[in-house]
$ cat target-v7.pdb   # PDB, C-alpha atoms
MODEL        1
ATOM      1  CA  MET A 460      21.318 -78.420 -17.868
ATOM      2  CA  PHE A 461      23.076 -81.262 -19.566
ATOM      3  CA  ASN A 462      26.370 -81.009 -21.308
ATOM      4  CA  TRP A 463      27.859 -84.376 -22.007
ATOM      5  CA  PRO A 464      29.412 -86.227 -24.928
ATOM      6  CA  ARG A 465      27.462 -89.326 -25.905
ATOM      7  CA  LYS A 466      30.343 -90.875 -27.780
ATOM      8  CA  ARG A 467      33.647 -89.671 -29.086
ATOM      9  CA  ASN A 468      33.234 -86.817 -31.609
ATOM     10  CA  ALA A 469      29.450 -86.992 -31.218
ATOM     11  CA  PRO A 470      27.382 -83.856 -30.738
ATOM     12  CA  GLN A 471      26.858 -82.695 -27.192
ATOM     13  CA  ALA A 472      23.567 -81.544 -25.734
ATOM     14  CA  ALA A 473      22.238 -78.661 -23.686
ATOM     15  CA  GLY A 474      18.914 -79.269 -22.026
ATOM     16  CA  MET A 475      16.558 -77.700 -19.538
ATOM     17  CA  ASN A 476      12.985 -77.958 -18.282
ATOM     18  CA  PHE A 477      10.640 -75.084 -19.264
ATOM     19  CA  ASP A 478       7.001 -74.172 -19.012
ATOM     20  CA  LEU A 479       5.418 -74.557 -22.441
ATOM     21  CA  GLU A 480       4.939 -70.809 -22.899
ATOM     22  CA  GLU A 481       8.699 -70.233 -22.455
ATOM     23  CA  VAL A 482       9.747 -72.181 -25.569
ATOM     24  CA  GLU A 483       9.235 -69.343 -28.044
ATOM     25  CA  PRO A 484      10.973 -66.678 -25.898
ATOM     26  CA  LEU A 485      13.888 -69.057 -25.323
ATOM     27  CA  LEU A 486      14.350 -69.740 -29.041
ATOM     28  CA  LYS A 487      14.274 -66.000 -29.757
ATOM     29  CA  ARG A 488      16.875 -65.467 -27.017
ATOM     30  CA  LEU A 489      19.113 -68.124 -28.584
ATOM     31  CA  ASN A 490      19.057 -66.142 -31.812
ATOM     32  CA  SER A 491      21.062 -63.447 -30.006
ATOM     33  CA  VAL A 492      24.168 -65.680 -30.020
ATOM     34  CA  LEU A 493      23.675 -66.903 -33.591
ATOM     35  CA  ASP A 494      24.735 -65.040 -36.734
ATOM     36  CA  SER A 495      21.754 -66.653 -38.442
ATOM     37  CA  GLY A 496      19.329 -68.528 -36.250
ATOM     38  CA  PHE A 497      15.781 -69.773 -35.978
ATOM     39  CA  LYS A 498      13.341 -68.194 -38.404
ATOM     40  CA  GLU A 499       9.919 -67.170 -37.135
ATOM     41  CA  SER A 500       8.433 -70.053 -39.145
ATOM     42  CA  ASP A 501      10.879 -72.496 -37.470
ATOM     43  CA  ILE A 502       9.854 -71.238 -34.041
ATOM     44  CA  GLN A 503       6.164 -71.651 -34.866
ATOM     45  CA  VAL A 504       6.722 -75.223 -36.138
ATOM     46  CA  ILE A 505       8.735 -76.151 -33.032
ATOM     47  CA  GLN A 506       6.090 -74.686 -30.727
ATOM     48  CA  SER A 507       3.285 -76.390 -32.661
ATOM     49  CA  GLN A 508       4.967 -79.803 -32.550
ATOM     50  CA  ILE A 509       5.516 -79.500 -28.807
ATOM     51  CA  ASN A 510       1.923 -78.345 -28.267
ATOM     52  CA  GLN A 511       0.699 -81.494 -30.047
ATOM     53  CA  MET A 512       2.489 -83.778 -27.599
ATOM     54  CA  SER A 513      -0.148 -85.172 -25.262
ATOM     55  CA  THR A 514       1.256 -88.181 -23.393
ATOM     56  CA  ASP A 515       3.224 -87.704 -20.178
ATOM     57  CA  HIS A 516       6.951 -88.401 -20.762
ATOM     58  CA  GLU A 517       6.439 -88.509 -24.529
ATOM     59  CA  VAL A 518       9.731 -87.854 -26.346
ATOM     60  CA  LYS A 519       9.756 -86.406 -29.830
ATOM     61  CA  GLU A 520      12.501 -85.566 -32.284
ATOM     62  CA  ILE A 521      11.449 -82.047 -33.319
ATOM     63  CA  GLY A 522      13.997 -81.537 -36.088
ATOM     64  CA  THR A 523      17.417 -80.330 -37.117
ATOM     65  CA  TYR A 524      17.858 -76.656 -37.909
ATOM     66  CA  LYS A 525      20.642 -75.009 -39.884
ATOM     67  CA  VAL A 526      22.177 -72.009 -38.159
ATOM     68  CA  VAL A 527      25.319 -69.919 -38.437
ATOM     69  CA  TYR A 528      27.436 -69.574 -35.311
ATOM     70  CA  LYS A 529      30.571 -67.415 -35.307
ATOM     71  CA  ASP A 530      30.563 -67.266 -39.129
ATOM     72  CA  LYS A 531      30.404 -71.066 -39.497
ATOM     73  CA  ASP A 532      27.523 -73.243 -40.615
ATOM     74  CA  ALA A 533      26.178 -75.434 -37.826
ATOM     75  CA  GLN A 534      23.148 -77.500 -36.973
ATOM     76  CA  ILE A 535      21.025 -77.710 -33.860
ATOM     77  CA  ARG A 536      18.991 -80.880 -33.400
ATOM     78  CA  ILE A 537      16.050 -80.421 -31.033
ATOM     79  CA  GLU A 538      14.390 -83.144 -29.029
ATOM     80  CA  ALA A 539      11.510 -82.506 -26.622
ATOM     81  CA  GLU A 540      10.048 -84.478 -23.749
ATOM     82  CA  ILE A 541       6.681 -83.406 -22.379
ATOM     83  CA  HIS A 542       5.730 -83.661 -18.699
ATOM     84  CA  ILE A 543       2.050 -83.412 -17.822
ATOM     85  CA  GLU A 544       0.820 -83.155 -14.253
ATOM     86  CA  ASP A 545      -2.761 -82.136 -13.542
ATOM     87  CA  ASP A 546      -3.226 -78.942 -15.575
ATOM     88  CA  SER A 547       0.485 -78.215 -15.828
ATOM     89  CA  ARG A 548       2.539 -78.956 -18.951
ATOM     90  CA  GLU A 549       6.304 -78.585 -19.023
ATOM     91  CA  VAL A 550       8.810 -79.512 -21.669
ATOM     92  CA  VAL A 551      12.419 -80.623 -21.457
ATOM     93  CA  LEU A 552      14.232 -79.243 -24.480
ATOM     94  CA  ASN A 553      17.445 -80.973 -25.479
ATOM     95  CA  MET A 554      19.535 -79.263 -28.134
ATOM     96  CA  PHE A 555      22.372 -81.158 -29.750
ATOM     97  CA  SER A 556      25.250 -79.526 -31.601
ATOM     98  CA  HIS A 557      29.016 -79.087 -31.476
ATOM     99  CA  PRO A 558      30.550 -78.344 -28.037
ATOM    100  CA  LYS A 559      31.101 -74.574 -28.356
ATOM    101  CA  LEU A 560      27.583 -73.968 -29.614
ATOM    102  CA  VAL A 561      26.163 -76.242 -26.906
ATOM    103  CA  GLN A 562      28.003 -74.165 -24.313
ATOM    104  CA  ALA A 563      26.502 -70.945 -25.727
ATOM    105  CA  ILE A 564      23.020 -72.524 -25.777
ATOM    106  CA  ASP A 565      23.448 -73.724 -22.197
ATOM    107  CA  GLU A 566      24.440 -70.218 -21.056
ATOM    108  CA  LYS A 567      21.364 -68.695 -22.730
ATOM    109  CA  MET A 568      19.113 -71.370 -21.203
ATOM    110  CA  ILE A 569      20.442 -70.551 -17.731
ATOM    111  CA  GLU A 570      20.087 -66.812 -18.372
ATOM    112  CA  HIS A 571      16.500 -67.307 -19.544
ATOM    113  CA  SER A 572      15.611 -69.541 -16.610
ATOM    114  CA  ASP A 573      17.116 -67.083 -14.116
ATOM    115  CA  GLU A 574      15.107 -64.190 -15.583
ATOM    116  CA  VAL A 575      11.857 -66.180 -15.564
ATOM    117  CA  GLU A 576      12.485 -67.207 -11.966
ATOM    118  CA  ALA A 577      13.251 -63.609 -10.925
ATOM    119  CA  LEU A 578      10.008 -62.399 -12.500
ATOM    120  CA  SER A 579       7.972 -64.997 -10.650
ATOM    121  CA  GLU A 580       9.283 -63.973  -7.223
TER
ENDMDL
END
$ encode --input "target-v7.pdb" --output "structure tokens"
Amino acid sequence: MFNWPRKRNAPQAAGMNFDLEEVEPLLKRLNSVLDSGFKESDIQVIQSQINQMSTDHEVKEIGTYKVVYKDKDAQIRIEAEIHIEDDSREVVLNMFSHPKLVQAIDEKMIEHSDEVEALSE
């Protein structure tokens, strides 16, 4: 999890490392805190772009998505970094937005990660 300002008044970021198959469930979970969130087509495009990444430590700007959070228009910019080791592929998702939305995203990322970890035990 990352939650830091890059420069004054700049968007903050929430980020976490996930197995590739956890991207779609995470994005759907994030929709639970948004009044209007990621469309199914957005989720498919995000997943497809990440799936196309093939070089270890490759970083890609996935896109900026318009959402509504607490009745206000907002944007979430997504950046992905792929990690490939043997047959394993993981992705670090960084999501940039305003501080309160970043905090909500960070909480959902932790919640998602905790549930995935509990299921694997």
$ closest_residue --input "target-v7.pdb" --among "A:Leu578, A:Ile535, A:Ala472, A:Val551" --to "Ser495 (chain A)" --atoms "all atoms listed in the file"
A:Ile535
$ closest_atom_pairs --input "target-v7.pdb" --of "region 487-574 of chain A" --to "region 478-483 of chain A" --cutoff "8 Å" --atoms "only C-alpha atoms" --output "CSV"
residue,atom,partner,partner_atom,distance
A:Lys487,CA,A:Glu483,CA,6.3
A:Ile502,CA,A:Glu483,CA,6.3
A:Gln503,CA,A:Glu483,CA,7.8
A:Gln506,CA,A:Glu483,CA,6.8
A:Asn510,CA,A:Leu479,CA,7.8
A:Arg548,CA,A:Leu479,CA,6.3
A:Glu549,CA,A:Asp478,CA,4.5
A:Val550,CA,A:Leu479,CA,6.1
$ closest_residue --input "target-v7.pdb" --among "A:Ile541, A:Val561, A:Met554, A:Val492" --to "Lys529 (chain A)" --atoms "only C-alpha atoms"
A:Val492
$ resolve_selection --input "target-v7.pdb" --expression "the PyMOL selection byres ((chain A and resi 524-527) around 9)" --output "list in words"
Leu493, Asp494, Ser495, Gly496, Phe497, Asp501, Gly522, Thr523, Tyr528, Lys529, Asp530, Lys531, Asp532, Ala533, Gln534, Ile535, Arg536 and Ile537 of chain A
$ closest_residue --input "target-v7.pdb" --among "A:Val504, A:Asp573, A:Gln471, A:Asp565" --to "Leu489 (chain A)" --atoms "only C-alpha atoms"
A:Asp565
$ resolve_selection --input "target-v7.pdb" --expression "the PyMOL selection byres ((chain A and resi 562) around 12)" --output "list in words"
Met460, Phe461, Asn462, Trp463, Pro470, Gln471, Ala472, Ala473, Gly474, Leu489, Val492, Tyr528, Met554, Phe555, Ser556, His557, Pro558, Lys559, Leu560, Val561, Ala563, Ile564, Asp565, Glu566, Lys567, Met568 and Ile569 of chain A
$ atom_distance --input "target-v7.pdb" --atom1 "CA of Gln511 (chain A)" --atom2 "CA of Asn553 (chain A)"
17.4 Å
